[in-house]
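Participant: This one is model.csv, CSV, C-alpha atoms and all ligand atoms.
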```csv
chain,number,residue,atom,x,y,z
J,259,VAL,CA,95.8,88.3,121.7
J,260,ILE,CA,93.1,86.3,119.8
J,261,LEU,CA,94.2,83.9,117.1
J,262,VAL,CA,92.1,83.7,113.9
J,263,THR,CA,92.8,80.8,111.5
J,264,ALA,CA,92.1,80.9,107.7
J,265,ALA,CA,92.3,84.7,108.4
J,266,GLY,CA,92.8,85.7,104.7
J,267,GLY,CA,89.4,84.4,103.6
J,268,LYS,CA,86.2,86.5,103.6
J,269,THR,CA,85.1,85.1,107.0
J,270,GLY,CA,88.5,85.5,108.5
J,271,ARG,CA,88.8,89.1,107.4
J,272,ALA,CA,85.3,90.0,108.7
J,273,VAL,CA,86.1,88.4,112.1
J,274,LEU,CA,89.5,90.2,112.3
J,275,HIS,CA,87.8,93.5,111.6
J,276,ALA,CA,85.0,92.9,114.2
J,277,LEU,CA,87.5,92.0,116.9
J,278,ARG,CA,89.9,94.9,116.0
J,279,ASP,CA,87.0,97.4,116.0
J,280,ARG,CA,86.3,96.3,119.6
J,281,GLY,CA,89.9,97.1,120.5
J,282,GLU,CA,91.0,93.4,120.7
J,283,PRO,CA,94.6,92.6,119.5
J,284,VAL,CA,94.4,89.8,117.0
J,285,ARG,CA,96.8,87.4,115.3
J,286,ALA,CA,95.9,86.4,111.7
J,287,PHE,CA,97.1,83.0,110.7
J,288,ALA,CA,97.0,81.8,107.0
J,289,ARG,CA,99.2,79.6,104.8
J,290,SER,CA,100.9,82.0,102.4
J,291,ASP,CA,102.9,85.2,103.0
J,292,ALA,CA,99.9,87.1,101.6
J,293,VAL,CA,98.6,87.1,105.2
J,294,HIS,CA,101.1,89.8,106.0
J,295,GLU,CA,99.0,92.3,103.9
J,296,LEU,CA,96.5,92.1,106.8
J,297,ARG,CA,99.1,93.4,109.3
J,298,GLY,CA,98.1,96.7,110.9
J,299,PRO,CA,97.4,98.4,114.2
J,300,ALA,CA,96.3,95.6,116.6
J,301,VAL,CA,96.7,93.0,113.9
J,302,GLU,CA,99.7,90.6,114.0
J,303,THR,CA,100.2,88.1,111.2
J,304,VAL,CA,101.7,84.6,111.0
J,305,ALA,CA,102.2,82.6,107.8
J,306,GLY,CA,102.1,78.8,108.3
J,307,ASP,CA,100.3,75.6,107.5
J,308,MET,CA,97.6,74.4,109.9
J,309,LEU,CA,98.8,70.9,109.3
J,310,ASP,CA,102.3,71.8,110.4
J,311,GLU,CA,102.2,71.2,114.2
J,312,GLU,CA,105.2,73.3,114.9
J,313,ALA,CA,104.0,76.3,112.9
J,314,LEU,CA,100.6,76.0,114.5
J,315,LEU,CA,101.9,75.7,118.1
J,316,GLY,CA,104.1,78.7,117.3
J,317,ALA,CA,101.1,80.7,116.3
J,318,PHE,CA,99.5,79.9,119.7
J,319,ALA,CA,102.2,81.6,121.7
J,320,ASP,CA,100.7,84.2,124.1
J,321,ILE,CA,97.2,83.6,122.8
J,322,ARG,CA,94.1,83.8,125.1
J,323,ALA,CA,91.4,82.5,122.7
J,324,VAL,CA,91.1,81.2,119.2
J,325,VAL,CA,88.5,81.6,116.4
J,326,HIS,CA,89.0,78.6,114.1
J,327,ILE,CA,87.8,78.8,110.5
J,328,GLY,CA,88.4,75.9,108.2
J,329,PRO,CA,89.3,76.7,104.6
J,330,MET,CA,86.2,76.0,102.4
J,331,PHE,CA,86.1,72.7,100.5
J,332,HIS,CA,89.7,71.9,101.5
J,333,PRO,CA,90.2,68.1,101.3
J,334,GLN,CA,91.9,68.2,104.7
J,335,GLU,CA,89.6,70.6,106.5
J,336,GLU,CA,88.7,67.9,109.1
J,337,ALA,CA,92.4,67.2,109.8
J,338,MET,CA,92.9,71.0,110.2
J,339,GLY,CA,90.0,71.3,112.6
J,340,ARG,CA,91.4,68.4,114.8
J,341,ALA,CA,94.9,69.9,114.6
J,342,VAL,CA,93.7,73.3,115.8
J,343,VAL,CA,91.8,71.7,118.7
J,344,ASP,CA,94.8,69.7,119.7
J,345,ALA,CA,97.1,72.7,119.5
J,346,ALA,CA,94.7,74.7,121.7
J,347,VAL,CA,94.7,71.9,124.3
J,348,LYS,CA,98.5,71.6,124.1
J,349,ALA,CA,99.0,75.4,124.4
J,350,GLY,CA,96.5,75.6,127.3
J,351,VAL,CA,94.2,78.0,125.4
J,352,LYS,CA,90.8,77.1,126.7
J,353,ARG,CA,88.5,79.5,124.8
J,354,PHE,CA,87.6,78.2,121.3
J,355,VAL,CA,85.1,79.6,118.8
J,356,GLN,CA,84.5,77.2,115.9
J,357,PHE,CA,83.1,78.3,112.6
J,358,SER,CA,80.8,75.6,111.4
J,359,VAL,CA,77.9,75.8,109.0
J,360,ALA,CA,74.1,75.8,109.1
J,361,HIS,CA,72.7,72.3,109.4
J,362,PRO,CA,76.0,70.4,109.6
J,363,GLN,CA,73.9,67.2,109.8
J,364,ILE,CA,73.1,67.4,106.0
J,365,ASP,CA,75.1,64.2,105.2
J,366,PHE,CA,74.9,64.7,101.4
J,367,LEU,CA,77.1,67.8,101.6
J,368,LEU,CA,80.9,67.1,102.1
J,369,ASN,CA,81.5,70.5,103.6
J,370,HIS,CA,78.8,69.8,106.2
J,371,GLN,CA,80.1,66.3,107.0
J,372,THR,CA,83.5,67.9,107.7
J,373,LYS,CA,82.1,70.5,110.0
J,374,LEU,CA,80.0,68.0,111.9
J,375,ARG,CA,83.1,65.8,112.6
J,376,VAL,CA,85.1,68.9,113.8
J,377,GLU,CA,82.2,69.9,116.0
J,378,ASP,CA,82.2,66.3,117.4
J,379,TYR,CA,85.9,66.4,118.1
J,380,LEU,CA,85.6,69.8,119.8
J,381,VAL,CA,82.7,69.0,122.0
J,382,CYS,CA,84.6,65.9,123.3
J,383,SER,CA,87.6,68.1,124.2
J,384,ALA,CA,87.9,69.9,127.5
J,385,LEU,CA,87.9,73.3,125.8
J,386,ASP,CA,85.5,76.2,126.5
J,387,TYR,CA,83.9,76.1,123.1
J,388,THR,CA,81.2,78.1,121.2
J,389,ILE,CA,80.1,76.7,117.9
J,390,LEU,CA,78.7,79.1,115.2
J,391,GLN,CA,76.6,77.7,112.4
J,392,PRO,CA,76.2,80.4,109.8
J,393,MET,CA,73.8,80.2,106.8
J,394,HIS,CA,74.8,81.0,103.2
J,395,TYR,CA,76.3,84.5,103.3
J,396,MET,CA,74.8,87.5,101.4
J,397,GLN,CA,78.4,88.3,100.5
J,398,ASN,CA,78.6,85.2,98.3
J,399,LEU,CA,76.9,87.5,95.7
J,400,ASP,CA,78.6,90.5,94.2
J,401,PRO,CA,75.7,92.9,93.3
J,402,ASP,CA,77.9,95.4,91.5
J,403,GLN,CA,79.4,92.7,89.3
J,404,ILE,CA,75.8,91.4,88.6
J,405,VAL,CA,74.8,95.0,87.6
J,406,ARG,CA,77.9,95.3,85.3
J,407,ASP,CA,77.1,91.9,83.7
J,408,LYS,CA,73.3,92.6,83.6
J,409,VAL,CA,73.1,88.9,84.3
J,410,PHE,CA,72.8,86.9,87.5
J,411,GLN,CA,74.1,83.4,87.0
J,412,LEU,CA,73.5,80.4,89.3
J,413,PRO,CA,74.7,76.8,89.0
J,414,TYR,CA,71.3,75.6,90.3
J,415,SER,CA,67.6,76.3,89.7
J,416,LEU,CA,66.6,80.0,89.8
J,417,ASP,CA,63.4,78.9,91.5
J,418,ALA,CA,65.3,77.3,94.5
J,419,ALA,CA,64.7,79.3,97.7
J,420,LEU,CA,67.7,79.9,100.0
J,421,SER,CA,68.0,81.6,103.4
J,422,PHE,CA,70.9,84.1,103.8
J,423,VAL,CA,72.8,85.8,106.6
J,424,ASP,CA,74.9,89.0,106.5
J,425,LEU,CA,78.6,88.1,107.2
J,426,ALA,CA,78.9,91.4,109.1
J,427,ASP,CA,76.2,90.1,111.5
J,428,VAL,CA,78.0,86.8,111.9
J,429,ALA,CA,81.3,88.5,112.6
J,430,GLU,CA,79.6,90.7,115.2
J,431,VAL,CA,78.2,87.6,116.9
J,432,ALA,CA,81.7,85.9,116.7
J,433,ALA,CA,83.3,88.9,118.5
J,434,ARG,CA,80.5,89.2,121.1
J,435,THR,CA,80.3,85.5,122.0
J,436,LEU,CA,84.1,85.7,122.5
J,437,LEU,CA,84.3,88.9,124.5
J,438,GLU,CA,81.0,88.7,126.5
J,439,ASP,CA,80.2,86.1,129.2
J,440,GLY,CA,77.7,83.3,128.9
J,441,HIS,CA,78.4,81.7,125.6
J,442,ILE,CA,80.5,78.7,126.6
J,443,HIS,CA,79.3,75.2,125.5
J,444,ALA,CA,76.7,76.9,123.2
J,445,THR,CA,75.9,76.0,119.5
J,446,TYR,CA,74.3,78.9,117.6
J,447,ALA,CA,72.5,78.7,114.3
J,448,LEU,CA,73.0,82.1,112.6
J,449,CYS,CA,70.5,82.9,109.9
J,450,GLY,CA,68.9,86.1,108.6
J,451,THR,CA,65.2,86.7,107.8
J,452,ASP,CA,65.2,86.5,104.0
J,453,ARG,CA,64.5,83.3,102.0
J,454,LEU,CA,64.8,84.2,98.4
J,455,THR,CA,65.0,82.5,95.0
J,456,GLY,CA,67.5,83.5,92.3
J,457,ARG,CA,64.7,85.2,90.4
J,458,GLU,CA,63.7,87.3,93.4
J,459,ILE,CA,67.3,88.3,94.0
J,460,ALA,CA,67.8,89.3,90.3
J,461,LYS,CA,64.6,91.4,90.7
J,462,LEU,CA,65.8,93.1,93.9
J,463,ILE,CA,69.1,94.1,92.3
J,464,ALA,CA,67.4,95.2,89.1
J,465,GLU,CA,65.0,97.5,91.0
J,466,ARG,CA,67.8,99.0,92.9
J,467,ALA,CA,70.1,99.5,89.8
J,468,GLY,CA,67.2,100.7,87.6
J,469,LEU,CA,67.9,98.2,84.8
J,470,ALA,CA,66.9,94.8,83.7
J,471,ILE,CA,68.9,91.8,85.1
J,472,GLU,CA,68.6,88.5,83.4
J,473,GLY,CA,68.6,85.4,85.6
J,474,GLN,CA,70.6,82.6,84.0
J,475,GLU,CA,71.1,79.0,85.2
J,476,VAL,CA,74.6,77.7,84.2
J,477,SER,CA,75.9,74.1,84.4
J,478,ILE,CA,77.8,73.0,87.4
J,479,PRO,CA,81.0,72.2,85.3
J,480,ALA,CA,80.8,75.7,83.7
J,481,PHE,CA,80.6,77.3,87.2
J,482,ILE,CA,83.5,75.2,88.6
J,483,GLU,CA,85.6,76.1,85.6
J,484,GLN,CA,85.0,79.8,86.4
J,485,VAL,CA,85.9,79.2,90.1
J,486,ALA,CA,89.1,77.3,89.1
J,487,GLY,CA,90.1,80.3,87.0
J,488,GLY,CA,92.3,78.3,84.6
J,489,GLY,CA,93.8,76.2,87.5
J,490,THR,CA,92.9,72.8,88.7
J,491,LEU,CA,90.8,72.0,91.8
J,492,HIS,CA,91.2,68.9,94.0
J,493,PRO,CA,88.7,66.2,93.1
J,494,VAL,CA,87.3,66.4,96.7
J,495,THR,CA,86.7,70.1,96.1
J,496,ILE,CA,84.9,69.5,92.8
J,497,ASP,CA,82.8,66.8,94.5
J,498,GLY,CA,81.9,69.3,97.2
J,499,PHE,CA,80.7,71.9,94.7
J,500,TYR,CA,78.7,69.3,92.7
J,501,ARG,CA,76.9,68.1,95.8
J,502,LEU,CA,76.3,71.6,97.1
J,503,PHE,CA,74.7,72.9,93.9
J,504,THR,CA,72.7,69.7,93.3
J,505,TYR,CA,71.4,69.9,96.9
J,506,TYR,CA,70.5,73.6,96.6
J,507,GLY,CA,68.7,73.0,93.2
J,508,LEU,CA,66.7,70.1,94.8
J,509,HIS,CA,65.9,71.5,98.2
J,510,GLY,CA,67.2,75.0,98.6
J,511,ILE,CA,68.3,75.7,102.2
J,512,SER,CA,66.4,77.3,105.0
J,513,GLY,CA,67.0,78.5,108.5
J,514,ASN,CA,65.4,80.4,111.4
J,515,SER,CA,66.5,83.9,112.5
J,516,ASN,CA,65.5,83.7,116.2
J,517,VAL,CA,68.9,82.9,117.6
J,518,LEU,CA,70.7,85.6,115.6
J,519,ARG,CA,68.1,88.2,116.6
J,520,TRP,CA,68.6,87.3,120.2
J,521,LEU,CA,72.4,87.4,120.0
J,522,LEU,CA,72.5,90.7,118.2
J,523,GLY,CA,69.8,92.3,120.3
J,524,ARG,CA,68.3,93.8,117.1
J,525,GLU,CA,66.8,92.7,113.8
J,526,PRO,CA,69.3,90.8,111.6
J,527,THR,CA,70.4,92.7,108.4
J,528,THR,CA,67.9,92.1,105.6
J,529,PHE,CA,68.9,91.4,102.0
J,530,ALA,CA,67.6,94.8,100.9
J,531,GLU,CA,69.7,96.5,103.6
J,532,TYR,CA,72.7,94.6,102.5
J,533,LEU,CA,72.2,95.7,98.9
J,534,GLN,CA,71.7,99.3,100.0
J,535,ALA,CA,74.9,99.3,102.0
J,536,SER,CA,77.1,97.4,99.5
J,537,MET,CA,76.0,98.6,96.0
J,538,GLN,CA,78.1,101.3,94.6
J,539,LEU,CA,76.4,101.3,91.2
J,540,ASP,CA,73.2,102.5,92.8
J,541,GLY,CA,70.2,103.8,90.9
J,542,PRO,CA,69.7,104.9,87.3
J,601,LIG,N1,80.5,81.3,102.3
J,601,LIG,C1,79.4,80.9,103.0
J,601,LIG,O1,78.3,81.3,102.7
J,601,LIG,C2,79.7,80.2,104.3
J,601,LIG,C3,78.6,80.0,105.1
J,601,LIG,C4,78.8,79.3,106.3
J,601,LIG,C5,80.1,78.8,106.6
J,601,LIG,N2,81.1,79.1,105.8
J,601,LIG,C6,82.4,78.5,106.1
J,601,LIG,O2,83.3,79.5,106.4
J,601,LIG,C7,84.6,79.0,106.2
J,601,LIG,C8,85.6,80.0,105.6
J,601,LIG,O3,85.2,80.2,104.2
J,601,LIG,P1,85.8,81.5,103.5
J,601,LIG,O4,85.3,81.5,102.1
J,601,LIG,O5,85.6,82.7,104.3
J,601,LIG,O6,87.4,81.3,103.6
J,601,LIG,P2,88.3,80.5,102.6
J,601,LIG,O7,88.5,81.4,101.4
J,601,LIG,O8,87.9,79.1,102.3
J,601,LIG,O9,89.7,80.6,103.4
J,601,LIG,C9,90.9,80.8,102.9
J,601,LIG,C10,91.9,81.0,104.0
J,601,LIG,O10,92.3,79.8,104.5
J,601,LIG,C11,93.8,79.8,104.5
J,601,LIG,N3,94.3,78.4,104.4
J,601,LIG,C12,94.0,77.5,103.4
J,601,LIG,N4,94.7,76.4,103.6
J,601,LIG,C13,95.5,76.6,104.8
J,601,LIG,C14,96.4,75.8,105.5
J,601,LIG,N5,96.8,74.6,105.1
J,601,LIG,N6,97.0,76.4,106.6
J,601,LIG,C15,96.6,77.6,107.0
J,601,LIG,N7,95.8,78.4,106.4
J,601,LIG,C16,95.2,77.9,105.3
J,601,LIG,C17,94.1,80.6,103.3
J,601,LIG,O11,95.4,81.0,103.3
J,601,LIG,P3,96.2,81.4,102.0
J,601,LIG,O12,95.3,82.3,101.2
J,601,LIG,O13,97.4,82.1,102.5
J,601,LIG,O14,96.5,80.2,101.2
J,601,LIG,C18,93.1,81.7,103.4
J,601,LIG,O15,93.5,82.7,104.3
J,601,LIG,C19,84.5,77.7,105.4
J,601,LIG,O16,84.7,76.6,106.3
J,601,LIG,C20,83.0,77.7,105.0
J,601,LIG,O17,82.5,76.4,104.9
J,601,LIG,C21,80.9,79.7,104.6
```
What does this structure look like when you write it as structure tokens?
Facilitator:
Amino acid sequence: VILVTAAGGKTGRAVLHALRDRGEPVRAFARSDAVHELRGPAVETVAGDMLDEEALLGAFADIRAVVHIGPMFHPQEEAMGRAVVDAAVKAGVKRFVQFSVAHPQIDFLLNHQTKLRVEDYLVCSALDYTILQPMHYMQNLDPDQIVRDKVFQLPYSLDAALSFVDLADVAEVAARTLLEDGHIHATYALCGTDRLTGREIAKLIAERAGLAIEGQEVSIPAFIEQVAGGGTLHPVTIDGFYRLFTYYGLHGISGNSNVLRWLLGREPTTFAEYLQASMQLDGP
């Protein structure tokens, strides 16, 4: 059985599906009982806190490998990463796939700092690790919602160019690096071929939907308020968002697709292919 942490998030679900589709029994681990909704053929579920050593070690029973995903912008993401590495060592589970991020050395970004520290801790362990560094996911956008709103909002400049990767490609690589030989002690940057500005994305979606989509830059506080959905976010999480959107607005973010192409043995999914596959509200 393969343990997947933060299994209820979009990354965790994609990885669970990729492993299950290859016939691998998986155990989904997340904090709340909502994790049990993921239960199904070949998918076991365990609810518990990654910072609760007993709960975490319990989740490692009869596990042969772990895919560790840290919850995004969580103030204790680094402590969770260390705890999962320690638990794997204690449980004697050698094979460890770590979800990091593209360019973890970007020191300005809190979520990159955290990932780099967890990478450091993992590389110093005696575990058989593979580190995956995905770029910004295409799945961060909801094209159908953008079509319904007829507006594409971004909390940074519409002229900033960003690279993207399809989360399904990333999940496929996660499963393959785990199930195939030859990926131990590797660190892989995973990036697709597109580098697009907000204006270009709005145009691509508009063309496919056959209607006009307005690109709109919104303030970072307004965007954070939307994400919080009436609740409150931890100050570290708010700081993380401010830094991310400030950085994207100033520099964008770019990556190279060679490693992903090699790992997939095919061309990475393009943004246009992602839109074609994901948009329900297709065409006028
Ligand atoms: N989005 C991107 O473009 C992108 C690109 C590269 C890398 N990444 C990285 O991918 C990772 C995952 O992001 P995501 O958006 O897919 O997932 P996410 O929404 O951040 O993950 C949420 C999951 O983590 C669980 N969780 C939270 N706190 C926990 C705790 N204390 N103990 C156990 N489980 C806990 C949640 O459980 P409950 O729901 O039960 O609370 C939920 O299942 C992040 O580290 C992010 O930086 C993302």
Participant: Which residue out of J:Ile327, J:Ile471, J:Leu521, J:Val476 has the minimum interatomic distance to Asp427 in chain J when all atoms listed in the file are used?
Facilitator: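 Of all the options, J:Leu521 lies closest to Asp427 in chain J.
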Participant: Each residue of range 448-496 of chain J with at least one atom at most 9 Å from range 382-396 of chain J should appear once, together with its nearest atom pair and the corresponding distance in Å (one decimal); atoms considered: all atoms listed in the file; ordering: chain, then increasing residue number; output as a Markdown table.
Facilitator:
```
| residue | atom | partner | partner_atom | distance |
| --- | --- | --- | --- | --- |
| J:Leu448 | CA | J:Pro392 | CA | 4.6 |
| J:Cys449 | CA | J:Met393 | CA | 5.3 |
| J:Gly450 | CA | J:Met393 | CA | 7.9 |
```
Participant: Enter the distance from CA of Ala317 in chain J to CA of Val494 in chain J, in Å, rounded to one decimal.
Facilitator: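 Distance between the two atoms: 27.9 Å.
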Participant: What would the list of residues within 12 Å of (71.7, 66.7, 94.2) (file frame) look like as a count of residues only, if all atoms listed in the file are what count?
Facilitator: 22
Participant: Find the residues with any atom within 8 Å of (102.0, 85.0, 109.3); use all atoms listed in the file and the coordinates as given in the file, and write the answer as a list in words.
Facilitator: Ala286, Phe287, Ala288, Arg289, Ser290, Asp291, Val293, His294, Glu302, Thr303, Val304, Ala305 and Gly306 of chain J
Participant: Kindly give the distance, in Å, that separates CA of Lys408 in chain J and CA of Leu420 in chain J, rounded to a single decimal.
Facilitator: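 Distance reported for this atom pair: 21.5 Å.
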